[in-house]
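Notes to accompany the following structure.
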Amino acid sequence: MTKKFINPIEATEIVKSSIKKRRAKDSRLRLYGRIAIGMATCFLFFMFFSIFTKGYPGFFQYYVTLDIKFDRERIDPKEDLSDTSLYEGEASKTVNESLFSIINPQGRKAKKEARKIVSSGKDIRIAKLVKNDPSLFGTVTKVKFALDDDIDSFLRGYINRDTPESERRISDNVIAYVDKLSEENRISYEFSDYILQGSASGNPEMAGIKGAFFGSILTLSVCLLIAFPLGIATAVYLEEIAKKNKITEIIEVNINNLAAVPSVVFGIMGLAIFISIFGMPRSIPLVGGMVLALMTLPTIIISSRAAIRAVPPSVRDAAYGIGASKLQVIFHHVIPLAMPGMLTGTIIGMAQALGETAPLLMIGMVAFIVDIPNSVVDPGTVLPVQIFMWADFAERMFIQKTSAAIIVLLGFLIAMNALAVYLRKKLERRW
Amino acid sequence: MNSKKNDLKSLELTVGDVFSKNARLKARNVNVFYGENKAIDNVTIDIGSKEVISFIGPSGCGKSTFLRCFNRMNDTIVSCIIQGEITIDEENIYDKKIDVVPLRARIGMVFQKPNPFPKSIYDNVAYGPRIHGLSENKEHLDNIVEESLKRAGLWQEVSDRLSSPGTGLSGGQQQRLCIARAIAVSPEVILMDEPCSALDPIATAKIEELIHELGNEYSIVIVTHSMQQAARVSKRTAYFHLGKLIEVGKTKEIFTRPQHNQTEAYISGKIG
């Protein structure tokens with residue numbers, strides 16, 4: 001006879017004996033979860049710690065304070081503060097004279113070396129100062145100038161004064177001059193006014209991310225303006241209007257595949273279509289934005305469709321039941337209810353686009369552009385490409401600048417995500 | 001209109017009087033298919049003006065499907081095919097010329113689960129009049145909302161919080177809000193698909209009372225699982241079984257002297 005039922009007392013015993021095993025399984029699973037989260041947190045912490053400690057010094061640099069005699073005849077010979085007049089003036093010479101009066105270089109070679117101590121942007125700085133405040137003319141005022149990147153690296157301790165002269169980038173003479181300037185308390189370590197306000201530059205001490213920052217904003221704006229409406233319209237059409245047949249199925253599969261296409265392919269496509277066929281200029285945020293829009297479209301479409309599918313059917317029934325047309329159901333109920341989800345997808349897409357380098361290299365946004373782009377058709381670059389370029393430069397100072405730019409990029413990203421969270425919270429129905 | 005012969009064909013199946021003297025909705029030989037599946041088999045019935053009629057029957061008998069034919073809610077289901085004729089005031093609602101939007105304004109619907117919009121109480125009721133352009137101005141709209149809520153017996157409970165969310169109300173209140181939303185567009189017929197199945201007895205009693213009152217002004221078709229409810233609210237009752245309309249008659253007669261043995265079996269609890 002087969003045993004059909006276990007009697008209750010036996011059953012209780014069996015359950016009791018198995019409970020220990022179950023508990024152990026339970027706690028083991030919990031432990032795995034904790035280890036996983038702990039590791040993820042650690043990695044995140046190390047990443048942020050390393051970026052921050054490396055990048056933080058990038059926001060600072062060494063300056064030298066010099067007494068500048070603002071002689072109008074020398075600095076602004078035409079006395080009209082125009083660019084040509086200031087260009088023809090002898091601003092650099094004035095700065096050098098002030099420097100020489102402190103360090104006293106002897107001979108041509110020494111003088112040549114001494115001139116390099118102060119960054120080559122000194123004449124621009126003088127021009128800026130007098131343009132802002134012409135009353136400086138005729139006075140002797142203390143002005144801060146950025147030090148050359150080699151001197152900066154030396155002061156940070158990256159160049160050792162004990163290595164033989166022939167093996168380091170700055171000579172004994174220059175070290176002596178810097179020591180002299182230090183003795184007079186003329187050298188200071190301050191928040192850099194180039195990193196945030198400067199643009200691409202061959203001189204590391206003058207390089208900044210302003211151009212790339214605005215390039216990123218313009219590119220992302222174009223990307224958003226194209227991808228968001230297009231993505232949502234596609235999602236709404238596919239989910240709500242299109243009949244389910246072979247064609248929509250094919251479109252669906254292709255959209256999903258498009259999401260997995262390497263981004264550089266979109267760059268090649270942009271190059272082939274926008275630049276080669278339509279003849280658009282290279283390096284402009286408009287083309288960059290269009291390429292990135294193509295790249296982010298699948299992400300937006302997929303997440304928007306998921307958001308639309310999550311709208312409860314009862315709401316649709318209610319609206320149809322009262323006589324709303326399809327369009328009214330879509331615009332009054334489906335889109336507002338799906339909007340938070342659609343926004344989340346859009347922000348994920350935008351964040352992807354913000355960090356994208358490869359497709360923009362293809363369309364020439366890697367060009368060295370000093371001017372800050374004012375519109376979407378001005379040549380420009382974007383933050384990740386700027387980081388990519390700086391990481392490639394040999395000068396020591398670019399390492400810190402690269403990390404600083406990464407911090408700015410991360411800040412940009414966090415700000416965007418914060419905005420998304422805020423918008424989502426605001427749009428999400430409280431009920 | 002269909003020939004007498006066709007009518008008789010369905011009468012062979014249906015016991016009782018399917019016709020009504022002042023019929024508002026007429027269904028003639030209606031068949032509904034879900035793909036290959038026949039959900040409704042040759043049903044003929046009249047729904048009178050200002051009459052409360054209830055559809056009863058075991059689960060899956062097709063009574064909800066049939067109800068949704070009257071305002072063409074089955075249109076949204078791709079595989080659903082409807083044959084036969086349903087007329088409102090002698091106009092075939094499945095005619096190609098008929099637009100479902102005004103049709104659904106004439107034939108309102110209340111669903112099984114209360115489904116207020118995630119909007120304020122006011123906006124819930126005002127939505128219908130707004131999309132159909134029924135109100136001339138804000139004041140008029142206010143009046144419509146107030147009147148609808150009063151008719152739905154909800155005004156006293158919500159008059160001081162019209163701007164609070166409709167979904168924050170209790171289940172019974174939500175269902176009455178849905179009824180108010182349906183009557184705000186001044187329909188002729190209200191279809192109710194098991195309106196009390198998600199509600200507790202007290203809320204149910206309120207809705208039933210409301211249906212009773214509304215029956216004086218609207219034609220109401222109510223699908224219900226509760227035979228007591230059918231007995232309480234409706235004047236006529238139709239019994240469905242496996243997609244067929246088995247018996248129609250005065251509620252009293254159906255519950256006291258059912259003619260068809262299947263009806264009797266269901267009412268006495270033997271099937272269903």
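Residues in the structure tokens are numbered from 1 in each chain, the chains being A, B, ... in the order shown, and ligands are numbered from 1 in the order shown.
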Counting only C-alpha atoms, which residues of chain B fall within 8 Å of chain A, and what is the closest atom pair for each with its distance in Å at one decimal, ordered by chain and rising number, as a tab-separated table?
residue	atom	partner	partner_atom	distance
B:Asn71	CA	A:Gly321	CA	7.7
B:Met73	CA	A:Gly321	CA	7.1
B:Val100	CA	A:Gly323	CA	7.2
B:Val101	CA	A:Gly323	CA	4.6
B:Pro102	CA	A:Gly323	CA	6.5
B:Leu103	CA	A:Gly323	CA	7.3
B:Arg104	CA	A:Gly323	CA	4.6
B:Ala105	CA	A:Gly323	CA	5.2
B:Gly108	CA	A:Ile322	CA	6.0
B:Met109	CA	A:Gly321	CA	5.6
B:Val110	CA	A:Gly321	CA	7.9
B:Phe111	CA	A:Ala318	CA	7.7
B:Asn115	CA	A:Ser314	CA	5.9
B:Pro116	CA	A:Val315	CA	7.3
B:Phe117	CA	A:Val315	CA	6.2
B:Pro118	CA	A:Trp431	CA	6.3
B:Gly128	CA	A:Ile322	CA	6.1
B:Ile131	CA	A:Ala324	CA	6.9
B:Pro165	CA	A:Trp431	CA	6.7
B:Thr167	CA	A:Trp431	CA	6.4
B:Gly168	CA	A:Trp431	CA	7.1
B:Arg181	CA	A:Ile322	CA	7.9
B:Ala182	CA	A:Ile322	CA	6.4
B:Val185	CA	A:Ile322	CA	7.9
- Item | Within 12 Å of Val287 of chain A using only C-alpha atoms, minus same-chain residues under 3 positions, as a ChimeraX atom specification | /A:215,218-223,226,266-276,278-284,290-294,359-365,376-381
What's the 8 Å shell around segment 402-414 of chain A, counting only C-alpha atoms, without same-chain residues fewer than 4 positions away, as a compact mmCIF listing (two decimals) with N, CA and C atoms, in the first residue's frame?
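New file around26.txt:
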# COMPACT_ATOMS: atom_id res chain seq x y z
N ILE A 51 38.66 60.32 -8.69
CA ILE A 51 38.40 61.43 -9.61
C ILE A 51 38.51 62.75 -8.88
N PHE A 52 37.93 62.77 -7.68
CA PHE A 52 37.90 64.04 -6.95
C PHE A 52 39.30 64.47 -6.52
N LYS A 54 42.13 63.60 -7.81
CA LYS A 54 42.97 63.92 -8.96
C LYS A 54 42.52 65.22 -9.62
N GLY A 55 41.20 65.39 -9.63
CA GLY A 55 40.66 66.52 -10.38
C GLY A 55 40.63 67.81 -9.60
N TYR A 56 40.52 67.69 -8.29
CA TYR A 56 40.41 68.88 -7.47
C TYR A 56 41.55 69.87 -7.70
N PRO A 57 42.83 69.40 -7.71
CA PRO A 57 43.91 70.36 -7.97
C PRO A 57 43.81 71.00 -9.36
N GLY A 58 43.10 70.37 -10.27
CA GLY A 58 42.97 70.92 -11.61
C GLY A 58 42.21 72.24 -11.63
N PHE A 59 41.42 72.46 -10.59
CA PHE A 59 40.68 73.73 -10.53
C PHE A 59 41.55 74.87 -10.00
N ILE A 209 37.40 74.79 -20.04
CA ILE A 209 36.36 73.95 -20.63
C ILE A 209 35.13 74.73 -21.07
N ALA A 351 21.78 61.33 -20.98
CA ALA A 351 23.01 61.08 -20.23
C ALA A 351 24.00 60.30 -21.08
N LEU A 354 25.39 62.68 -23.57
CA LEU A 354 26.34 63.62 -22.97
C LEU A 354 27.73 63.02 -22.88
N LEU A 383 32.26 68.28 -24.03
CA LEU A 383 33.08 67.91 -22.87
C LEU A 383 33.82 66.58 -23.02
N PRO A 384 33.13 65.48 -23.34
CA PRO A 384 33.87 64.22 -23.41
C PRO A 384 34.97 64.23 -24.47
N ILE A 387 37.86 66.13 -23.03
CA ILE A 387 38.57 65.26 -22.09
C ILE A 387 39.47 64.29 -22.87
N TRP A 390 42.49 66.24 -24.22
CA TRP A 390 43.44 66.60 -23.18
C TRP A 390 44.21 65.39 -22.68
N ALA A 391 43.49 64.26 -22.58
CA ALA A 391 44.13 63.05 -22.08
C ALA A 391 45.27 62.63 -23.02
N PHE A 398 48.01 68.98 -18.14
CA PHE A 398 46.74 68.55 -18.72
C PHE A 398 46.13 67.38 -17.95
N ALA A 418 19.25 65.30 -11.60
CA ALA A 418 18.47 65.95 -10.54
C ALA A 418 17.26 66.65 -11.15
- Task: Would you mind listing what lies within 6 Å of Val30 of chain B as a PyMOL selection string, with only C-alpha atoms counted and same-chain residues fewer than 6 positions away left out?
- Result: chain B and resi 42-43+83-84
Restricting it to C-alpha atoms, dump the selection as an mmCIF file, in the first residue's frame.
data_model
loop_
_atom_site.group_PDB
_atom_site.id
_atom_site.type_symbol
_atom_site.label_atom_id
_atom_site.label_comp_id
_atom_site.auth_asym_id
_atom_site.auth_seq_id
_atom_site.Cartn_x
_atom_site.Cartn_y
_atom_site.Cartn_z
ATOM 1 C CA ASN B 42 -28.029 34.749 -31.974
ATOM 2 C CA VAL B 43 -29.417 37.017 -29.281
ATOM 3 C CA GLN B 83 -22.770 40.185 -36.602
ATOM 4 C CA GLY B 84 -26.421 41.121 -36.519
#
- Message: Report, in Å to a single decimal, how far apart atom CA of Phe154 of chain A and atom CA of Ser182 of chain A are.
- Response: 12.6 Å
- Item | Shell around segment 173-179 of chain B at 8 Å using only C-alpha atoms, local window under 2 positions removed, as an MDAnalysis selection string | chainID B and resid 110 113:116 121 124:125 149 152:154 166:167 169:171 181:183 195 203 207
- Message: Which residues are close to segment 368-370 of chain A, i.e. within 7 Å by only C-alpha atoms, leaving aside same-chain residues fewer than 5 positions away? Reply as a ChimeraX atom specification.
- Response: /A:199-201,380
May I have the residues from that selection written out with C-alpha atoms, as a JSON list (two decimals), in the first residue's frame?
[["chain", "number", "residue", "atom", "x", "y", "z"],
["A", 199, "SER", "CA", 38.61, 77.59, -23.89],
["A", 200, "ALA", "CA", 40.75, 75.09, -25.75],
["A", 201, "SER", "CA", 44.38, 76.22, -25.73],
["A", 380, "GLY", "CA", 32.54, 73.59, -31.37]]
